[in-house]
file model30.cif (mmCIF, C-alpha atoms)
data_final
loop_
_atom_site.label_atom_id
_atom_site.label_comp_id
_atom_site.auth_asym_id
_atom_site.auth_seq_id
_atom_site.Cartn_x
_atom_site.Cartn_y
_atom_site.Cartn_z
CA MET A 9 135.02 204.20 89.94
CA THR A 10 134.93 201.18 92.21
CA ALA A 11 135.26 197.52 91.25
CA GLY A 12 131.48 197.42 91.39
CA LYS A 13 129.07 194.91 92.82
CA HIS A 14 130.15 191.27 92.59
CA PHE A 15 127.38 188.79 91.79
CA ASP A 16 127.60 185.16 92.96
CA GLU A 17 126.46 181.88 91.39
CA ALA A 18 123.06 182.17 93.01
CA ALA A 19 122.42 185.39 91.09
CA VAL A 20 123.43 183.72 87.81
CA SER A 21 121.11 180.82 88.55
CA ILE A 22 118.15 183.10 89.32
CA LEU A 23 118.69 185.15 86.16
CA GLN A 24 118.91 181.92 84.13
CA ASP A 25 115.59 180.80 85.62
CA ILE A 26 113.90 184.12 84.89
CA ILE A 27 115.14 184.02 81.28
CA LEU A 28 114.08 180.38 80.79
CA HIS A 29 110.63 180.82 82.34
CA ARG A 30 109.72 184.08 80.57
CA ARG A 31 106.85 183.54 78.15
CA ASP A 32 104.82 185.57 75.67
CA VAL A 33 101.38 185.64 77.33
CA ARG A 34 98.15 185.89 75.31
CA GLY A 35 94.55 186.75 76.15
CA ASN A 36 93.49 183.23 77.07
CA ARG A 37 95.80 183.33 80.10
CA PHE A 38 95.40 186.84 81.55
CA LEU A 39 93.45 187.44 84.76
CA SER A 40 91.52 190.69 85.09
CA THR A 41 93.09 191.50 88.50
CA PRO A 42 94.61 195.00 88.16
CA LEU A 43 98.36 195.37 88.59
CA GLU A 44 99.28 197.26 91.76
CA ASP A 45 100.91 200.69 91.24
CA GLN A 46 104.08 199.39 92.89
CA VAL A 47 104.29 196.56 90.36
CA VAL A 48 103.83 198.97 87.43
CA ASP A 49 106.55 201.17 88.96
CA GLN A 50 108.93 198.20 89.14
CA LEU A 51 108.26 197.36 85.48
CA LEU A 52 108.89 200.94 84.39
CA SER A 53 111.98 201.27 86.55
CA ALA A 54 113.48 198.20 84.85
CA ALA A 55 112.75 199.79 81.46
CA LEU A 56 114.24 203.15 82.44
CA HIS A 57 117.52 201.50 83.44
CA ALA A 58 118.07 199.81 80.09
CA PRO A 59 121.16 200.70 78.08
CA SER A 60 120.68 203.43 75.49
CA VAL A 61 122.90 204.69 72.71
CA GLY A 62 124.79 207.80 73.88
CA PHE A 63 122.70 207.66 77.10
CA SER A 64 119.90 209.17 74.98
CA GLN A 65 117.07 207.28 76.75
CA PRO A 66 114.92 207.68 73.62
CA TRP A 67 111.81 205.96 75.04
CA GLU A 68 108.25 206.94 75.87
CA PHE A 69 105.64 204.71 77.48
CA VAL A 70 101.87 205.09 77.19
CA LEU A 71 100.00 203.16 79.90
CA ILE A 72 96.58 202.16 78.60
CA ARG A 73 93.72 201.02 80.82
CA ASP A 74 90.84 202.83 79.08
CA THR A 75 88.42 200.36 77.46
CA THR A 76 87.57 202.61 74.49
CA VAL A 77 91.25 203.09 73.63
CA LYS A 78 91.84 199.33 73.93
CA GLN A 79 88.87 198.61 71.64
CA ARG A 80 90.31 200.88 68.95
CA ILE A 81 93.68 199.14 69.16
CA LYS A 82 91.93 195.76 69.06
CA ALA A 83 90.15 196.82 65.85
CA SER A 84 93.55 197.49 64.25
CA PHE A 85 94.72 194.05 65.38
CA ASN A 86 91.62 192.44 63.83
CA GLU A 87 92.20 194.19 60.49
CA GLU A 88 95.92 193.31 60.37
CA ASN A 89 95.31 189.74 61.47
CA GLU A 90 92.79 189.33 58.66
CA LYS A 91 95.37 190.67 56.20
CA ALA A 92 98.02 188.25 57.53
CA LEU A 93 95.94 185.15 56.83
CA PRO A 94 96.73 184.77 53.08
CA SER A 95 100.48 184.69 53.96
CA PHE A 96 99.94 181.20 55.33
CA SER A 97 98.51 178.38 53.28
CA GLY A 98 96.96 174.94 53.76
CA GLU A 99 97.39 173.41 57.22
CA LYS A 100 99.40 176.44 58.42
CA GLN A 101 96.43 178.69 57.69
CA THR A 102 94.03 176.33 59.50
CA ASP A 103 96.38 176.36 62.51
CA TYR A 104 96.84 180.16 62.32
CA VAL A 105 93.16 180.96 62.72
CA LYS A 106 93.01 178.84 65.89
CA LEU A 107 95.79 180.82 67.61
CA LYS A 108 95.03 183.50 70.19
CA LEU A 109 97.65 186.12 69.29
CA GLU A 110 96.95 189.04 71.62
CA GLY A 111 95.41 189.94 74.98
CA ILE A 112 94.48 193.58 74.40
CA MET A 113 91.06 193.51 76.06
CA GLU A 114 91.83 190.78 78.63
CA ALA A 115 95.04 192.25 80.03
CA PRO A 116 94.32 194.94 82.65
CA LEU A 117 97.23 197.05 81.40
CA ASN A 118 98.49 197.70 77.86
CA ILE A 119 101.75 199.59 77.31
CA ALA A 120 102.58 201.25 73.99
CA VAL A 121 106.34 201.79 73.78
CA PHE A 122 107.64 204.51 71.47
CA TYR A 123 110.98 205.65 70.14
CA LYS A 124 111.33 209.42 70.45
CA PRO A 125 114.15 210.80 68.26
CA ALA A 126 116.48 213.18 70.11
CA GLY A 127 116.24 215.88 67.44
CA LYS A 128 120.01 216.36 67.64
CA PRO A 129 123.06 214.19 66.84
CA VAL A 130 123.44 211.37 69.36
CA LEU A 131 126.80 209.87 70.31
CA GLY A 132 126.99 206.35 68.87
CA GLN A 133 124.03 206.86 66.56
CA THR A 134 125.85 208.68 63.76
CA SER A 135 126.67 205.53 61.72
CA MET A 136 123.81 203.24 62.74
CA GLU A 137 120.64 205.31 63.09
CA GLU A 138 118.68 202.21 64.17
CA ALA A 139 120.66 202.07 67.45
CA GLY A 140 118.02 204.44 68.87
CA LEU A 141 115.20 202.00 68.13
CA TYR A 142 117.30 199.17 69.54
CA SER A 143 117.73 201.03 72.84
CA VAL A 144 113.96 201.04 73.18
CA VAL A 145 113.84 197.28 72.56
CA CYS A 146 116.41 196.80 75.36
CA ALA A 147 113.99 198.65 77.65
CA VAL A 148 111.17 196.32 76.58
CA GLN A 149 113.26 193.23 77.32
CA ASN A 150 114.26 194.57 80.77
CA MET A 151 110.57 195.11 81.51
CA TRP A 152 109.63 191.65 80.24
CA LEU A 153 112.18 189.93 82.50
CA MET A 154 111.15 192.05 85.49
CA ALA A 155 107.52 191.13 84.82
CA ARG A 156 108.41 187.43 84.93
CA ALA A 157 110.28 187.86 88.23
CA LEU A 158 107.12 189.53 89.57
CA ASN A 159 105.03 186.60 88.21
CA VAL A 160 103.34 189.02 85.80
CA GLY A 161 102.73 188.00 82.19
CA ILE A 162 103.59 190.18 79.21
CA GLY A 163 102.63 189.58 75.58
CA TRP A 164 104.09 191.59 72.67
CA VAL A 165 101.50 192.33 69.98
CA SER A 166 103.12 193.08 66.62
CA ILE A 167 100.09 192.44 64.39
CA LEU A 168 99.09 196.12 64.38
CA ASP A 169 99.18 199.06 62.00
CA ALA A 170 101.76 201.27 63.73
CA GLU A 171 100.40 204.45 62.11
CA LYS A 172 96.86 203.69 63.28
CA VAL A 173 98.09 203.05 66.83
CA LYS A 174 99.88 206.40 66.72
CA ARG A 175 96.68 208.16 65.61
CA ILE A 176 94.60 206.43 68.31
CA LEU A 177 97.07 207.55 70.98
CA HIS A 178 97.60 211.06 69.50
CA ALA A 179 101.34 210.33 69.31
CA PRO A 180 103.64 213.07 68.00
CA PRO A 181 104.47 212.52 64.29
CA GLU A 182 108.19 211.98 64.95
CA ASN A 183 107.54 209.11 67.41
CA ARG A 184 107.83 205.55 66.21
CA LEU A 185 105.88 202.65 67.72
CA VAL A 186 108.37 199.99 68.76
CA ALA A 187 106.24 197.64 70.85
CA TYR A 188 102.68 197.17 72.05
CA LEU A 189 102.56 195.13 75.24
CA CYS A 190 99.72 193.48 77.17
CA ALA A 191 100.47 192.99 80.87
CA GLY A 192 98.69 191.31 83.76
CA TYR A 193 98.65 188.40 86.17
CA THR A 194 98.02 185.04 84.55
CA ASP A 195 96.55 181.66 85.43
CA GLY A 196 99.90 180.17 84.55
CA PHE A 197 103.00 180.22 82.38
CA TYR A 198 103.62 177.52 79.76
CA THR A 199 106.69 175.34 80.32
CA GLN A 200 107.93 176.13 76.77
CA PRO A 201 107.12 178.82 74.20
CA GLU A 202 103.52 178.25 73.07
CA LEU A 203 104.49 178.09 69.38
CA GLU A 204 107.08 175.41 70.23
CA LEU A 205 104.50 173.37 72.21
CA LEU A 206 102.04 173.64 69.31
CA GLN A 207 104.84 172.63 66.89
CA TRP A 208 104.35 175.79 64.83
CA GLU A 209 108.15 176.17 64.71
CA LYS A 210 111.03 174.02 65.98
CA ARG A 211 113.79 175.24 68.29
CA LYS A 212 116.95 175.86 66.23
CA MET A 213 120.12 173.92 67.02
CA LYS A 214 122.73 176.04 68.73
CA GLU A 215 125.31 174.76 66.23
CA ALA A 216 123.30 176.25 63.36
CA VAL A 217 123.52 179.85 64.56
CA ILE A 218 127.00 180.21 66.08
CA PHE A 219 130.03 180.93 63.89
CA LYS A 220 133.71 181.47 64.64
CA ASP A 221 135.69 184.50 63.37
CA GLY A 222 133.45 184.83 60.31
CA TYR A 223 131.16 182.93 57.96
CA THR A 224 134.01 181.00 56.30
CA PRO A 225 134.47 178.06 56.33
CA ALA A 226 130.84 177.82 55.29
CA LEU A 227 129.77 175.53 58.11
CA PRO A 228 128.99 176.98 61.54
CA VAL A 229 131.09 175.86 64.49
CA ILE A 230 130.48 175.85 68.22
CA PRO A 231 132.92 177.75 70.45
CA MET B 9 100.28 173.78 81.08
CA THR B 10 101.10 174.24 84.76
CA ALA B 11 100.96 177.42 86.85
CA GLY B 12 104.69 177.69 86.20
CA LYS B 13 107.56 178.64 88.45
CA HIS B 14 106.79 181.19 91.15
CA PHE B 15 109.54 183.72 91.82
CA ASP B 16 109.90 185.36 95.26
CA GLU B 17 110.96 188.85 96.35
CA ALA B 18 114.61 187.79 96.52
CA ALA B 19 114.54 187.03 92.77
CA VAL B 20 113.02 190.44 92.04
CA SER B 21 115.69 192.10 94.12
CA ILE B 22 118.54 190.25 92.38
CA LEU B 23 117.17 191.07 88.92
CA GLN B 24 116.83 194.74 89.94
CA ASP B 25 120.46 194.73 91.06
CA ILE B 26 121.66 193.13 87.82
CA ILE B 27 119.71 195.69 85.76
CA LEU B 28 120.97 198.64 87.85
CA HIS B 29 124.61 197.54 87.84
CA ARG B 30 124.82 196.65 84.11
CA ARG B 31 127.19 199.03 82.30
CA ASP B 32 128.46 199.60 78.79
CA VAL B 33 132.15 198.67 79.12
CA ARG B 34 134.84 200.25 76.94
CA GLY B 35 138.44 199.37 76.12
CA ASN B 36 139.97 201.24 79.03
CA ARG B 37 138.37 198.77 81.45
CA PHE B 38 138.74 195.34 79.79
CA LEU B 39 141.26 192.79 81.09
CA SER B 40 142.91 190.48 78.55
CA THR B 41 141.99 187.33 80.56
CA PRO B 42 140.13 185.03 78.12
CA LEU B 43 136.54 184.14 78.92
CA GLU B 44 136.11 180.46 79.84
CA ASP B 45 134.12 178.33 77.38
CA GLN B 46 131.50 177.75 80.07
CA VAL B 47 131.02 181.51 80.47
CA VAL B 48 130.65 181.99 76.71
CA ASP B 49 128.11 179.14 76.71
CA GLN B 50 126.11 180.84 79.46
CA LEU B 51 126.08 184.11 77.50
CA LEU B 52 124.91 182.38 74.33
CA SER B 53 122.33 180.32 76.17
CA ALA B 54 120.80 183.52 77.58
CA ALA B 55 120.66 184.92 74.04
CA LEU B 56 119.10 181.79 72.57
CA HIS B 57 116.27 181.90 75.11
CA ALA B 58 115.19 185.41 74.21
CA PRO B 59 111.67 185.98 72.89
CA SER B 60 111.35 186.02 69.11
CA VAL B 61 108.49 186.95 66.82
CA GLY B 62 106.62 183.80 65.76
CA PHE B 63 109.36 181.76 67.55
CA SER B 64 111.48 182.52 64.47
CA GLN B 65 114.79 182.78 66.42
CA PRO B 66 116.20 184.96 63.61
CA TRP B 67 119.66 185.39 65.15
CA GLU B 68 123.22 184.44 64.24
CA PHE B 69 126.30 185.05 66.37
CA VAL B 70 129.87 185.34 65.13
CA LEU B 71 132.42 184.88 67.92
CA ILE B 72 135.57 186.81 67.06
CA ARG B 73 138.93 186.25 68.75
CA ASP B 74 141.21 186.52 65.69
CA THR B 75 143.45 189.61 65.90
CA THR B 76 143.44 190.28 62.14
CA VAL B 77 139.65 190.23 61.98
CA LYS B 78 139.48 192.55 65.00
CA GLN B 79 141.96 194.96 63.40
CA ARG B 80 139.79 195.22 60.28
CA ILE B 81 136.72 195.95 62.38
CA LYS B 82 138.70 198.51 64.38
CA ALA B 83 139.66 200.26 61.12
CA SER B 84 135.95 200.65 60.28
CA PHE B 85 135.36 202.10 63.75
CA ASN B 86 138.20 204.61 63.24
CA GLU B 87 136.76 205.75 59.91
CA GLU B 88 133.22 206.10 61.23
CA ASN B 89 134.37 207.81 64.41
CA GLU B 90 136.26 210.37 62.32
CA LYS B 91 133.10 210.97 60.27
CA ALA B 92 131.04 211.43 63.44
CA LEU B 93 133.19 214.26 64.77
CA PRO B 94 131.67 217.14 62.75
CA SER B 95 128.21 216.23 64.17
CA PHE B 96 129.35 217.69 67.47
CA SER B 97 130.56 221.25 67.84
CA GLY B 98 132.49 223.39 70.30
CA GLU B 99 132.92 221.93 73.78
CA LYS B 100 130.94 218.80 72.83
CA GLN B 101 133.49 218.04 70.10
CA THR B 102 136.41 218.56 72.50
CA ASP B 103 134.74 216.17 74.96
CA TYR B 104 133.91 213.66 72.19
CA VAL B 105 137.53 213.14 71.11
CA LYS B 106 138.50 212.33 74.71
CA LEU B 107 136.00 209.49 74.99
CA LYS B 108 137.01 205.85 74.59
CA LEU B 109 134.05 204.47 72.67
CA GLU B 110 134.96 200.84 71.97
CA GLY B 111 137.07 197.95 73.21
CA ILE B 112 137.52 195.94 70.01
CA MET B 113 141.21 195.09 70.47
CA GLU B 114 141.25 195.06 74.28
CA ALA B 115 138.28 192.73 74.83
CA PRO B 116 139.29 189.07 74.45
CA LEU B 117 135.98 188.27 72.74
CA ASN B 118 133.96 190.23 70.19
CA ILE B 119 130.51 189.05 69.13
CA ALA B 120 128.86 190.22 65.92
CA VAL B 121 125.11 189.66 66.18
CA PHE B 122 123.12 189.34 62.96
CA TYR B 123 119.48 189.21 61.95
CA LYS B 124 118.86 186.37 59.51
CA PRO B 125 115.53 186.75 57.65
CA ALA B 126 113.44 183.57 57.66
CA GLY B 127 112.87 183.64 53.89
CA LYS B 128 109.19 182.82 54.46
CA PRO B 129 106.26 184.63 56.12
CA VAL B 130 106.68 184.72 59.90
CA LEU B 131 103.74 184.76 62.31
CA GLY B 132 103.56 188.20 63.94
CA GLN B 133 105.92 189.79 61.43
CA THR B 134 103.39 190.39 58.64
CA SER B 135 102.46 193.95 59.73
CA MET B 136 105.67 195.05 61.45
CA GLU B 137 108.65 193.66 59.53
CA GLU B 138 111.04 195.19 62.08
CA ALA B 139 109.83 192.74 64.76
CA GLY B 140 112.48 190.33 63.44
CA LEU B 141 115.30 192.79 64.12
CA TYR B 142 113.80 193.54 67.53
CA SER B 143 113.89 189.84 68.46
CA VAL B 144 117.65 189.92 67.90
CA VAL B 145 117.96 192.96 70.18
CA CYS B 146 116.10 191.05 72.91
CA ALA B 147 118.76 188.34 72.58
CA VAL B 148 121.50 190.97 72.97
CA GLN B 149 119.89 192.38 76.12
CA ASN B 150 119.52 188.88 77.65
CA MET B 151 123.21 188.31 76.97
CA TRP B 152 124.17 191.69 78.44
CA LEU B 153 122.33 191.01 81.69
CA MET B 154 123.75 187.49 81.94
CA ALA B 155 127.24 188.93 81.41
CA ARG B 156 126.73 191.33 84.32
CA ALA B 157 125.55 188.47 86.59
CA LEU B 158 128.76 186.64 85.61
CA ASN B 159 130.78 189.83 86.39
CA VAL B 160 131.69 190.07 82.70
CA GLY B 161 131.62 193.41 80.92
CA ILE B 162 129.97 193.99 77.56
CA GLY B 163 130.19 197.09 75.39
CA TRP B 164 127.99 197.69 72.33
CA VAL B 165 129.89 199.35 69.47
CA SER B 166 127.54 201.11 67.04
CA ILE B 167 130.08 203.42 65.40
CA LEU B 168 130.70 201.00 62.54
CA ASP B 169 129.86 200.68 58.85
CA ALA B 170 127.52 197.68 58.95
CA GLU B 171 128.21 196.78 55.31
CA LYS B 172 131.98 196.79 55.89
CA VAL B 173 131.57 194.56 58.96
CA LYS B 174 129.49 192.17 56.84
CA ARG B 175 132.22 192.05 54.17
CA ILE B 176 134.98 191.47 56.76
CA LEU B 177 133.02 188.56 58.24
CA HIS B 178 131.87 187.16 54.85
CA ALA B 179 128.27 187.45 56.04
CA PRO B 180 125.51 186.31 53.65
CA PRO B 181 123.98 189.28 51.77
CA GLU B 182 120.55 188.84 53.39
CA ASN B 183 121.95 189.10 56.93
CA ARG B 184 121.73 192.39 58.77
CA LEU B 185 124.20 193.47 61.44
CA VAL B 186 122.26 194.34 64.57
CA ALA B 187 124.98 194.64 67.20
CA TYR B 188 128.73 194.42 67.59
CA LEU B 189 129.70 193.54 71.16
CA CYS B 190 133.01 193.53 73.02
CA ALA B 191 133.10 191.14 75.97
CA GLY B 192 135.57 190.37 78.73
CA TYR B 193 136.39 190.64 82.41
CA THR B 194 136.97 194.17 83.64
CA ASP B 195 138.89 196.00 86.34
CA GLY B 196 135.58 197.37 87.53
CA PHE B 197 132.11 198.61 86.70
CA TYR B 198 131.20 202.28 87.04
CA THR B 199 128.52 203.11 89.61
CA GLN B 200 126.52 205.01 86.96
CA PRO B 201 126.51 205.10 83.16
CA GLU B 202 129.83 206.63 82.08
CA LEU B 203 128.13 209.31 79.95
CA GLU B 204 126.04 210.29 82.98
CA LEU B 205 129.13 210.51 85.23
CA LEU B 206 130.88 212.64 82.59
CA GLN B 207 127.76 214.82 82.32
CA TRP B 208 127.53 214.17 78.57
CA GLU B 209 123.77 213.64 79.01
CA LYS B 210 121.40 213.95 81.99
CA ARG B 211 119.08 211.20 83.22
CA LYS B 212 115.53 211.97 82.07
CA MET B 213 112.79 212.46 84.63
CA LYS B 214 110.40 209.52 84.77
CA GLU B 215 107.49 211.96 84.58
CA ALA B 216 108.72 213.20 81.19
CA VAL B 217 108.43 209.84 79.44
CA ILE B 218 105.32 208.18 80.93
CA PHE B 219 101.85 208.99 79.58
CA LYS B 220 98.38 207.73 80.45
CA ASP B 221 95.91 206.40 77.84
CA GLY B 222 97.41 208.59 75.11
CA TYR B 223 99.33 211.78 74.44
CA THR B 224 96.37 214.06 75.29
CA PRO B 225 96.16 216.01 77.51
CA ALA B 226 99.51 217.27 76.29
CA LEU B 227 101.33 216.93 79.58
CA PRO B 228 102.68 213.54 80.65
CA VAL B 229 101.33 212.00 83.86
CA ILE B 230 102.70 209.38 86.19
CA PRO B 231 100.58 206.29 86.85
#

call {"tool": "encode", "arguments": {"input": "model30.cif", "output": "structure tokens"}}
result
Amino acid sequence: MTAGKHFDEAAVSILQDIILHRRDVRGNRFLSTPLEDQVVDQLLSAALHAPSVGFSQPWEFVLIRDTTVKQRIKASFNEENEKALPSFSGEKQTDYVKLKLEGIMEAPLNIAVFYKPAGKPVLGQTSMEEAGLYSVVCAVQNMWLMARALNVGIGWVSILDAEKVKRILHAPPENRLVAYLCAGYTDGFYTQPELELLQWEKRKMKEAVIFKDGYTPALPVIP
Amino acid sequence: MTAGKHFDEAAVSILQDIILHRRDVRGNRFLSTPLEDQVVDQLLSAALHAPSVGFSQPWEFVLIRDTTVKQRIKASFNEENEKALPSFSGEKQTDYVKLKLEGIMEAPLNIAVFYKPAGKPVLGQTSMEEAGLYSVVCAVQNMWLMARALNVGIGWVSILDAEKVKRILHAPPENRLVAYLCAGYTDGFYTQPELELLQWEKRKMKEAVIFKDGYTPALPVIP
């Protein structure tokens, strides 16, 4: 045990920039240029050094470049996206159909990220079983930030039937699909989240989501 | 839409370092020095700029410094930790009882992180409901990395009864506890994950968790 590496203000500033400039990238922005092996290695290395409950590292990554596999996944997206439409009505529905919500075929690399249960009790997972799934999400977020630092775009596609994706990829029955990512170079990154630019949703006020010592008094307070 | 900020190799290298040196910090390492308001703001700002499904930003943060509130949370940890013990047998159980698994009282700041459902259909969440919870985990991981850049330790306590924590904090019934974090300065960061150093679990081989185009052929392959 040493004091450990000390980071300076420049490191804080760079991390802030990476976090602020990270975007969810869709198919209208991806370039077909393949990602170099070294870049893919750097993405995976970031994922593999995420925190995990009880150091269980309960993640598996399927790298997908095969066109036939991508087409099958895209078909599941199309079905689910069709099903989603009636959830939105009026103007929202008109706006929804105009949105490009995935980049499965356009992105040179897709990554299916699975949770693989340990099959034995895991330290820290005995009261909150979902901590295993959450470890996998931490790995996804590490990868997403590393991608941005490498000027690589990532888009998370959640409009999929997880069971169909598992069948397409011959995943073991105990595995659970956590994320389906599209990755590749882009022709650019938006200055703000696309759904904010398009006024689909507004950014929440900080004051509305931060509370002190509990939810009473009823009104939220800033620190 | 512009090409967006271009990051250089130095940024990649700093992010790699932050990811590699991030640790889960427990109560035997926290200092009682309070975190400055500016530091807490930087942590929260990192969280609030995480990706979220449909730009729903479904997160709420309860900042806890009150000793009585902390004591109640600690009591839930003690109960759950006691319950966890029979899951481990023999030498594992002997090792388990020696581990310090939280820093609730020692850390000057605790942060309970909740998922707050939107109460309306969310773009991207229609097929995979859990994408909302996962957005909140992305916020936690952003905060954890920012903490490390600021030389602040964070520990994630998952040995808790989520419903009891909700009652203690008077959380609305629809909220779901995603993470309970302990945050503060530390007397040092371990060079490796503590559970790896203590040989509780081994680091998995990269080759064991990376697959190409699907799970067949049965053996995993590196890219």

call {"tool": "residues_around", "arguments": {"input": "model30.cif", "residues": "Ser166 of chain B", "least_positions_apart": "5", "cutoff": "12 Å", "atoms": "all atoms listed in the file", "output": "ChimeraX atom specification"}}
result
/A:60-62,130-140,142-143 /B:32,81-82,84-86,88-89,92,109-112,120-121,173,185-190

call {"tool": "closest_atom_pairs", "arguments": {"input": "model30.cif", "of": "chain A", "to": "chain B", "cutoff": "6 Å", "atoms": "only C-alpha atoms", "output": "Markdown table"}}
result
| residue | atom | partner | partner_atom | distance |
| --- | --- | --- | --- | --- |
| A:Met9 | CA | B:Tyr198 | CA | 5.2 |
| A:Ala11 | CA | B:Gly196 | CA | 3.7 |
| A:Gly12 | CA | B:Phe197 | CA | 4.9 |
| A:Phe15 | CA | B:Ala157 | CA | 5.5 |
| A:Val20 | CA | B:Ala157 | CA | 5.3 |
| A:Glu68 | CA | B:Val217 | CA | 4.6 |
| A:Phe69 | CA | B:Ile218 | CA | 4.9 |
| A:Val70 | CA | B:Phe219 | CA | 4.6 |
| A:Leu71 | CA | B:Lys220 | CA | 4.9 |
| A:Ile72 | CA | B:Asp221 | CA | 4.4 |
| A:Ala92 | CA | B:Thr134 | CA | 5.9 |
| A:Gly132 | CA | B:Ile167 | CA | 5.5 |
| A:Thr134 | CA | B:Ala92 | CA | 5.9 |
| A:Ser135 | CA | B:Ile167 | CA | 5.4 |
| A:Cys146 | CA | B:Gln149 | CA | 5.7 |
| A:Gln149 | CA | B:Cys146 | CA | 5.7 |
| A:Ala157 | CA | B:Val20 | CA | 5.4 |
| A:Ser166 | CA | B:Gly132 | CA | 5.6 |
| A:Ile167 | CA | B:Ser135 | CA | 5.4 |
| A:Leu177 | CA | B:Gly222 | CA | 4.3 |
| A:His178 | CA | B:Tyr223 | CA | 5.3 |
| A:Ala179 | CA | B:Tyr223 | CA | 5.7 |
| A:Gly196 | CA | B:Ala11 | CA | 3.7 |
| A:Phe197 | CA | B:Gly12 | CA | 4.9 |
| A:Tyr198 | CA | B:Met9 | CA | 5.2 |
| A:Val217 | CA | B:Glu68 | CA | 4.6 |
| A:Ile218 | CA | B:Phe69 | CA | 4.9 |
| A:Phe219 | CA | B:Val70 | CA | 4.6 |
| A:Lys220 | CA | B:Leu71 | CA | 4.9 |
| A:Asp221 | CA | B:Ile72 | CA | 4.4 |
| A:Gly222 | CA | B:Leu177 | CA | 4.3 |
| A:Tyr223 | CA | B:His178 | CA | 5.3 |

call {"tool": "atom_distance", "arguments": {"input": "model30.cif", "atom1": "atom CA of Val160 of chain A", "atom2": "atom CA of Gly192 of chain A"}}
result
5.6 Å

call {"tool": "resolve_selection", "arguments": {"input": "model30.cif", "expression": "the PyMOL selection byres ((chain A and resi 116) around 7)", "output": "count of residues only"}}
result
10

call {"tool": "atom_distance", "arguments": {"input": "model30.cif", "atom1": "atom CA of Gly163 of chain B", "atom2": "atom CA of Arg37 of chain B"}}
result
10.3 Å

call {"tool": "atom_distance", "arguments": {"input": "model30.cif", "atom1": "atom CA of Glu44 of chain B", "atom2": "atom CA of Met113 of chain B"}}
result
18.1 Å

call {"tool": "closest_residue", "arguments": {"input": "model30.cif", "among": "A:Leu206, A:Lys108, A:Gln79, A:Lys172", "to": "Asn36 of chain A", "atoms": "all atoms listed in the file"}}
result
A:Lys108

call {"tool": "closest_residue", "arguments": {"input": "model30.cif", "among": "B:Leu39, B:Asp103, B:Glu182, B:Ala83", "to": "Gly127 of chain B", "atoms": "only C-alpha atoms"}}
result
B:Glu182
